[in-house]
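J.: Have a peek at protein02.tsv (TSV, C-alpha atoms).
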chain	number	residue	atom	x	y	z
A	1	MET	CA	175.02	156.12	128.87
A	2	THR	CA	175.34	154.55	132.31
A	3	ASP	CA	174.08	151.03	133.01
A	4	SER	CA	172.11	151.05	136.26
A	5	HIS	CA	172.63	148.66	139.13
A	6	PRO	CA	170.09	145.79	138.87
A	7	LEU	CA	168.66	146.52	142.34
A	8	ALA	CA	168.66	150.30	142.01
A	9	GLY	CA	165.09	150.44	140.78
A	10	THR	CA	163.57	148.05	143.31
A	11	VAL	CA	160.14	149.24	144.45
A	12	GLN	CA	158.31	147.19	147.06
A	13	GLN	CA	154.93	148.88	146.68
A	14	SER	CA	154.03	150.96	143.66
A	15	ARG	CA	151.86	154.01	143.67
A	16	GLY	CA	148.70	153.76	141.60
A	17	VAL	CA	146.92	156.25	139.37
A	18	GLU	CA	144.62	158.68	141.16
A	19	ARG	CA	143.20	160.00	137.90
A	20	LEU	CA	143.96	160.61	134.23
A	21	VAL	CA	144.05	164.16	132.87
A	22	THR	CA	143.54	165.31	129.29
A	23	GLY	CA	145.44	168.47	128.42
A	24	MET	CA	143.74	171.65	127.23
A	25	ALA	CA	144.52	173.06	123.78
A	26	THR	CA	145.49	176.72	123.96
A	27	SER	CA	147.96	179.25	122.60
A	28	ASP	CA	150.56	181.42	124.26
A	29	GLY	CA	153.27	183.89	123.37
A	30	ALA	CA	152.62	185.37	119.94
A	31	GLY	CA	150.21	182.60	118.98
A	32	VAL	CA	152.17	179.40	119.59
A	33	ARG	CA	149.79	176.44	119.66
A	34	LEU	CA	150.30	174.12	122.61
A	35	THR	CA	148.57	171.79	125.05
A	36	ARG	CA	148.41	172.82	128.72
A	37	VAL	CA	148.80	169.49	130.50
A	38	LEU	CA	149.14	170.78	134.06
A	39	THR	CA	146.66	173.63	134.50
A	40	GLN	CA	146.23	176.19	137.27
A	41	GLU	CA	143.49	174.09	138.86
A	42	LEU	CA	146.04	171.34	139.60
A	43	GLN	CA	148.69	173.54	141.24
A	44	GLN	CA	147.75	172.69	144.82
A	45	ARG	CA	147.46	168.97	144.08
A	46	LEU	CA	150.80	168.83	142.25
A	47	ASP	CA	152.70	171.36	144.39
A	48	PRO	CA	155.54	172.36	143.76
A	49	PHE	CA	154.71	172.20	140.02
A	50	LEU	CA	152.71	175.05	138.55
A	51	MET	CA	152.31	174.25	134.86
A	52	LEU	CA	153.33	171.82	132.13
A	53	ASP	CA	152.91	172.79	128.49
A	54	ALA	CA	153.47	170.39	125.61
A	55	PHE	CA	154.11	171.77	122.15
A	56	GLY	CA	154.61	169.89	118.90
A	57	SER	CA	153.89	170.73	115.29
A	58	ASP	CA	155.25	170.28	111.78
A	59	HIS	CA	153.45	173.45	110.68
A	60	PRO	CA	155.50	176.67	111.03
A	61	ASP	CA	152.39	178.81	111.50
A	62	ASP	CA	151.82	176.99	114.82
A	63	TYR	CA	155.15	178.11	116.30
A	64	ILE	CA	157.05	180.56	114.12
A	65	ALA	CA	156.14	183.74	116.07
A	66	GLY	CA	157.55	182.25	119.26
A	67	PHE	CA	157.51	184.00	122.62
A	68	PRO	CA	158.63	187.66	122.36
A	69	ASP	CA	159.81	189.58	125.44
A	70	HIS	CA	157.73	188.74	128.51
A	71	PRO	CA	158.35	188.89	132.28
A	72	HIS	CA	158.53	186.26	135.03
A	73	ARG	CA	158.90	186.41	138.81
A	74	GLY	CA	158.77	183.86	141.60
A	75	PHE	CA	159.43	180.47	139.96
A	76	GLU	CA	161.65	178.44	137.62
A	77	THR	CA	161.07	177.37	134.02
A	78	ILE	CA	162.46	174.15	132.58
A	79	THR	CA	162.23	173.85	128.80
A	80	TYR	CA	163.00	170.46	127.27
A	81	MET	CA	163.33	170.43	123.49
A	82	LEU	CA	162.52	167.16	121.72
A	83	ALA	CA	162.95	168.63	118.24
A	84	GLY	CA	163.76	172.05	116.85
A	85	ARG	CA	165.83	175.11	117.72
A	86	MET	CA	164.86	178.01	120.00
A	87	LEU	CA	166.95	181.09	120.85
A	88	HIS	CA	166.73	182.44	124.41
A	89	HIS	CA	167.64	186.01	125.37
A	90	ASP	CA	166.94	187.71	128.69
A	91	SER	CA	167.37	190.96	130.59
A	92	ALA	CA	170.09	189.46	132.80
A	93	GLY	CA	172.33	189.22	129.73
A	94	ASN	CA	171.93	185.50	129.10
A	95	GLU	CA	171.62	184.09	125.60
A	96	GLY	CA	171.53	180.49	124.48
A	97	LEU	CA	170.41	178.27	121.62
A	98	LEU	CA	168.22	175.40	122.76
A	99	GLU	CA	168.42	172.50	120.30
A	100	SER	CA	166.95	169.00	119.95
A	101	GLY	CA	167.43	166.97	123.12
A	102	GLY	CA	168.61	169.94	125.16
A	103	VAL	CA	167.29	171.58	128.32
A	104	GLN	CA	167.12	175.21	129.38
A	105	TRP	CA	166.72	175.84	133.12
A	106	MET	CA	165.89	179.38	134.19
A	107	THR	CA	165.30	180.72	137.70
A	108	ALA	CA	163.26	183.90	137.35
A	109	GLY	CA	163.65	184.76	141.03
A	110	ARG	CA	162.98	188.45	141.66
A	111	GLY	CA	162.42	189.08	138.00
A	112	VAL	CA	163.59	188.58	134.45
A	113	ILE	CA	162.29	189.57	131.02
A	114	HIS	CA	163.10	187.05	128.33
A	115	SER	CA	162.23	185.92	124.82
A	116	GLU	CA	162.19	182.50	123.16
A	117	ILE	CA	162.21	182.68	119.37
A	118	PRO	CA	162.31	179.69	116.96
A	119	GLN	CA	165.43	179.54	114.80
A	120	GLN	CA	163.81	177.60	111.98
A	121	GLU	CA	161.26	178.35	109.30
A	122	GLU	CA	160.15	174.79	108.63
A	123	GLY	CA	160.29	171.31	110.14
A	124	ARG	CA	159.13	169.96	113.46
A	125	MET	CA	159.29	171.84	116.74
A	126	ALA	CA	158.34	169.84	119.82
A	127	GLY	CA	159.01	169.83	123.53
A	128	PHE	CA	157.80	170.74	126.98
A	129	GLN	CA	157.95	173.64	129.39
A	130	LEU	CA	157.55	172.93	133.09
A	131	TRP	CA	157.08	175.61	135.76
A	132	LEU	CA	158.57	174.79	139.16
A	133	ASN	CA	157.64	176.96	142.13
A	134	LEU	CA	160.20	178.64	144.36
A	135	PRO	CA	159.83	178.69	148.15
A	136	ALA	CA	158.89	182.03	149.70
A	137	SER	CA	162.47	182.47	150.91
A	138	ASP	CA	163.82	182.28	147.31
A	139	LYS	CA	161.18	184.15	145.32
A	140	MET	CA	163.23	187.34	145.30
A	141	SER	CA	166.55	185.62	144.64
A	142	ALA	CA	168.84	186.63	141.79
A	143	PRO	CA	167.91	185.22	138.37
A	144	TRP	CA	169.88	182.20	137.15
A	145	TYR	CA	170.14	180.50	133.77
A	146	ARG	CA	171.80	177.41	132.31
A	147	ASP	CA	171.64	175.61	128.97
A	148	PHE	CA	172.37	171.90	128.73
A	149	LYS	CA	173.05	170.35	125.35
A	150	ALA	CA	171.67	166.86	124.74
A	151	GLU	CA	175.08	165.24	125.19
A	152	GLU	CA	175.55	166.98	128.55
A	153	LEU	CA	172.48	165.40	130.14
A	154	PRO	CA	173.09	162.32	132.34
A	155	ARG	CA	171.59	159.10	131.00
A	156	LEU	CA	171.18	155.48	132.02
A	157	ARG	CA	170.04	152.23	130.48
A	158	THR	CA	168.46	149.44	132.53
A	159	ALA	CA	168.81	145.69	132.00
A	160	GLU	CA	165.32	145.66	130.43
A	161	GLY	CA	166.33	148.24	127.86
A	162	ALA	CA	164.75	151.36	129.35
A	163	GLU	CA	166.67	154.48	128.34
A	164	VAL	CA	166.35	157.35	130.78
A	165	THR	CA	167.49	160.96	130.59
A	166	VAL	CA	167.90	162.37	134.10
A	167	ILE	CA	167.12	166.07	133.81
A	168	ALA	CA	166.73	166.62	137.55
A	169	GLY	CA	166.95	164.54	140.71
A	170	GLU	CA	168.37	161.03	140.87
A	171	SER	CA	167.49	157.74	139.23
A	172	HIS	CA	169.21	154.37	139.61
A	173	GLY	CA	172.29	155.99	141.10
A	174	VAL	CA	172.57	158.63	138.35
A	175	THR	CA	172.34	162.28	139.44
A	176	GLY	CA	170.58	164.65	137.08
A	177	ALA	CA	171.77	167.86	135.50
A	178	VAL	CA	170.09	169.98	138.21
A	179	THR	CA	169.19	169.44	141.86
A	180	ARG	CA	167.18	171.70	144.15
A	181	ALA	CA	167.22	171.37	147.94
A	182	ALA	CA	163.82	172.91	148.67
A	183	THR	CA	161.62	171.20	146.08
A	184	GLN	CA	163.80	168.14	145.33
A	185	PRO	CA	162.47	167.82	141.77
A	186	LEU	CA	162.74	164.58	139.84
A	187	TYR	CA	162.42	164.99	136.07
A	188	LEU	CA	162.96	161.91	133.91
A	189	ASP	CA	162.41	161.32	130.21
A	190	ILE	CA	161.91	157.55	129.90
A	191	HIS	CA	161.94	155.54	126.66
A	192	LEU	CA	160.58	152.02	127.12
A	193	PRO	CA	160.61	149.25	124.52
A	194	ALA	CA	157.45	147.16	124.25
A	195	ARG	CA	156.84	144.90	127.30
A	196	ALA	CA	159.73	146.46	129.24
A	197	GLY	CA	159.26	147.60	132.82
A	198	PHE	CA	160.83	150.38	134.84
A	199	ALA	CA	160.78	151.12	138.56
A	200	GLN	CA	161.59	154.42	140.22
A	201	ALA	CA	161.81	155.11	143.93
A	202	LEU	CA	159.79	158.12	145.13
A	203	PRO	CA	159.93	159.64	148.61
A	204	ALA	CA	156.73	159.44	150.63
A	205	GLY	CA	154.84	162.71	150.51
A	206	HIS	CA	156.28	163.87	147.21
A	207	ASN	CA	153.68	164.68	144.57
A	208	ALA	CA	154.23	162.87	141.28
A	209	PHE	CA	152.78	162.49	137.81
A	210	VAL	CA	153.48	160.74	134.53
A	211	HIS	CA	152.87	162.26	131.10
A	212	VAL	CA	152.90	159.74	128.25
A	213	TYR	CA	153.74	161.42	124.95
A	214	GLU	CA	154.17	158.32	122.77
A	215	GLY	CA	152.74	154.81	123.09
A	216	SER	CA	151.10	153.65	126.30
A	217	VAL	CA	152.11	152.33	129.72
A	218	GLN	CA	150.45	150.35	132.48
A	219	ILE	CA	150.62	151.67	136.05
A	220	GLY	CA	148.98	149.22	138.42
A	221	ASP	CA	145.51	148.53	137.06
A	222	THR	CA	145.45	151.62	134.86
A	223	MET	CA	146.47	151.89	131.23
A	224	VAL	CA	147.79	155.35	130.44
A	225	PRO	CA	147.51	156.16	126.71
A	226	ALA	CA	149.47	158.72	124.73
A	227	GLN	CA	148.72	162.39	125.42
A	228	ARG	CA	147.42	161.72	128.92
A	229	MET	CA	148.82	162.71	132.30
A	230	ALA	CA	148.45	160.26	135.16
A	231	ILE	CA	148.45	161.84	138.61
A	232	LEU	CA	150.00	159.26	140.94
A	233	ASP	CA	148.35	158.65	144.28
A	234	ASN	CA	150.11	159.25	147.59
A	235	ALA	CA	149.17	155.85	149.00
A	236	ALA	CA	150.56	155.07	152.44
A	237	GLY	CA	153.40	152.57	152.24
A	238	ALA	CA	154.17	153.14	148.56
A	239	ASP	CA	157.89	153.67	147.99
A	240	GLY	CA	157.89	154.38	144.26
A	241	VAL	CA	156.21	153.60	140.97
A	242	ARG	CA	156.42	150.68	138.55
A	243	LEU	CA	155.72	151.23	134.86
A	244	GLN	CA	155.10	148.58	132.22
A	245	ALA	CA	155.12	149.41	128.52
A	246	ALA	CA	152.25	147.96	126.50
A	247	GLU	CA	154.11	149.07	123.36
A	248	ASN	CA	157.11	151.23	122.60
A	249	ALA	CA	156.52	154.23	124.84
A	250	ARG	CA	158.00	157.58	125.77
A	251	LEU	CA	156.99	159.46	128.88
A	252	LEU	CA	157.95	162.03	131.46
A	253	LEU	CA	158.04	161.08	135.15
A	254	ILE	CA	158.03	164.18	137.35
A	255	ALA	CA	157.94	164.39	141.14
A	256	GLY	CA	158.83	166.86	143.87
A	257	ARG	CA	158.50	167.84	147.50
A	258	PRO	CA	155.49	170.11	148.05
A	259	LEU	CA	156.17	173.54	149.54
A	260	GLY	CA	152.81	173.80	151.29
A	261	GLU	CA	152.79	177.59	150.82
A	262	PRO	CA	150.10	179.87	149.37
A	263	ILE	CA	150.13	180.05	145.56
A	264	VAL	CA	148.95	183.33	144.06
A	265	GLN	CA	149.39	183.53	140.29
A	266	TYR	CA	148.67	186.37	137.93
A	267	GLY	CA	149.91	185.45	134.47
A	268	PRO	CA	153.73	185.32	134.53
A	269	PHE	CA	154.01	186.14	138.24
A	270	VAL	CA	153.66	183.47	140.96
A	271	MET	CA	153.92	184.77	144.50
A	272	ASN	CA	152.52	184.02	147.99
A	273	SER	CA	150.11	186.97	148.32
A	274	GLN	CA	148.05	189.38	146.27
A	275	GLU	CA	150.14	192.30	147.51
A	276	GLN	CA	153.32	190.61	146.21
A	277	VAL	CA	151.66	190.18	142.81
A	278	TYR	CA	150.60	193.84	142.80
A	279	GLN	CA	154.20	194.77	143.61
A	280	ALA	CA	155.44	192.64	140.70
A	281	LEU	CA	153.02	194.44	138.38
A	282	ARG	CA	154.20	197.83	139.65
A	283	ASP	CA	157.83	196.83	139.27
A	284	PHE	CA	157.22	195.64	135.73
A	285	ARG	CA	155.35	198.86	134.86
A	286	ASP	CA	158.15	200.98	136.32
A	287	GLY	CA	160.94	199.04	134.60
A	288	LYS	CA	162.25	197.64	137.89
A	289	LEU	CA	161.52	193.98	137.33
A	290	ALA	CA	164.93	192.99	136.04
Just give me the structure as structure tokens.
T.:
Amino acid sequence: MTDSHPLAGTVQQSRGVERLVTGMATSDGAGVRLTRVLTQELQQRLDPFLMLDAFGSDHPDDYIAGFPDHPHRGFETITYMLAGRMLHHDSAGNEGLLESGGVQWMTAGRGVIHSEIPQQEEGRMAGFQLWLNLPASDKMSAPWYRDFKAEELPRLRTAEGAEVTVIAGESHGVTGAVTRAATQPLYLDIHLPARAGFAQALPAGHNAFVHVYEGSVQIGDTMVPAQRMAILDNAAGADGVRLQAAENARLLLIAGRPLGEPIVQYGPFVMNSQEQVYQALRDFRDGKLA
């Protein structure tokens, strides 16, 4: 755990909250119950992010069937496990066990078929899966995969007691586990004790949002309760965001540089045109995806 420099989180003007979003209950895979926090309707507004799913249950029937073999093309998936154990296997020959506190980062690129199967029959399984778009120039790149155990993820603690896991990007001088030049993603898991504050610099023009998964936080004049996503505004002159915990709180802060390219999604394929999606479907049908 790295102690941050006291001035590293200085923000002169904080972004505010444009709106609060309530996630949509749904199921995916072989019947895994989850909440879709970032839906397809928000993809343009939160470019380069395509989807955020939150899952969490103590009931095995909600997760036990997992996600059998399914394809992806054109984007990256980042799975962050708060609790539980999930086994990954894919057509590129990668296999890894994702455990509590760990992160799995997969670049589907030109195509991969993978499965994610729970390795437990009881207990709690909880976490998030974020989809990050790839620029047109990288959509047909070679697949890539990396597992990070909890102890491998960079962390910092501020003077006010905020504990931050830096999954991607940079915070308070600490560089995250993954960086990406095109989308410059920032992905922080922030734990705030009651009445503690936290400031994070954000580049102008980057889209950003906060998802509170425990407790509540104040952003400007807006209180953000648990299980809500706050889309941060892109106010001129704002150089970051300041958060204040009303109570013990846990939240994700996610930001990135928009690609500004067409987004055409059909299920597990995210491309720039309908023809590219049709080609992905043909390749999958013909066994050429991976």
J.: How far is it from CA of Leu87 in chain A to CA of Ile117 in chain A, in Å with one decimal?
T.: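 It comes out at 5.2 Å.
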J.: Ranking A:Ala168, A:Ala196, A:Lys139, A:Leu153 by minimum distance to Gln276 in chain A and counting all atoms listed in the file, which one comes first?
T.: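 So, comparing all the options, the nearest one is A:Lys139.
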J.: (153.2, 176.6, 119.7) in this file's frame - what residues fall within 8 Å of it? Use all atoms listed in the file and give the answer as a count of residues only.
T.: 13
J.: Calculate how many Å separate CA of Gln129 in chain A from CA of Ala238 in chain A, rounding to one decimal.
T.: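 If I compute the distance from CA of Gln129 in chain A to CA of Ala238 in chain A, I get 28.3 Å.
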J.: Tell me, as a PyMOL selection string, which residues lie within 7 Å of Trp105 in chain A, counting all atoms listed in the file; anything in the same chain fewer than 5 positions away does not count.
T.: chain A and resi 77-79+145-147
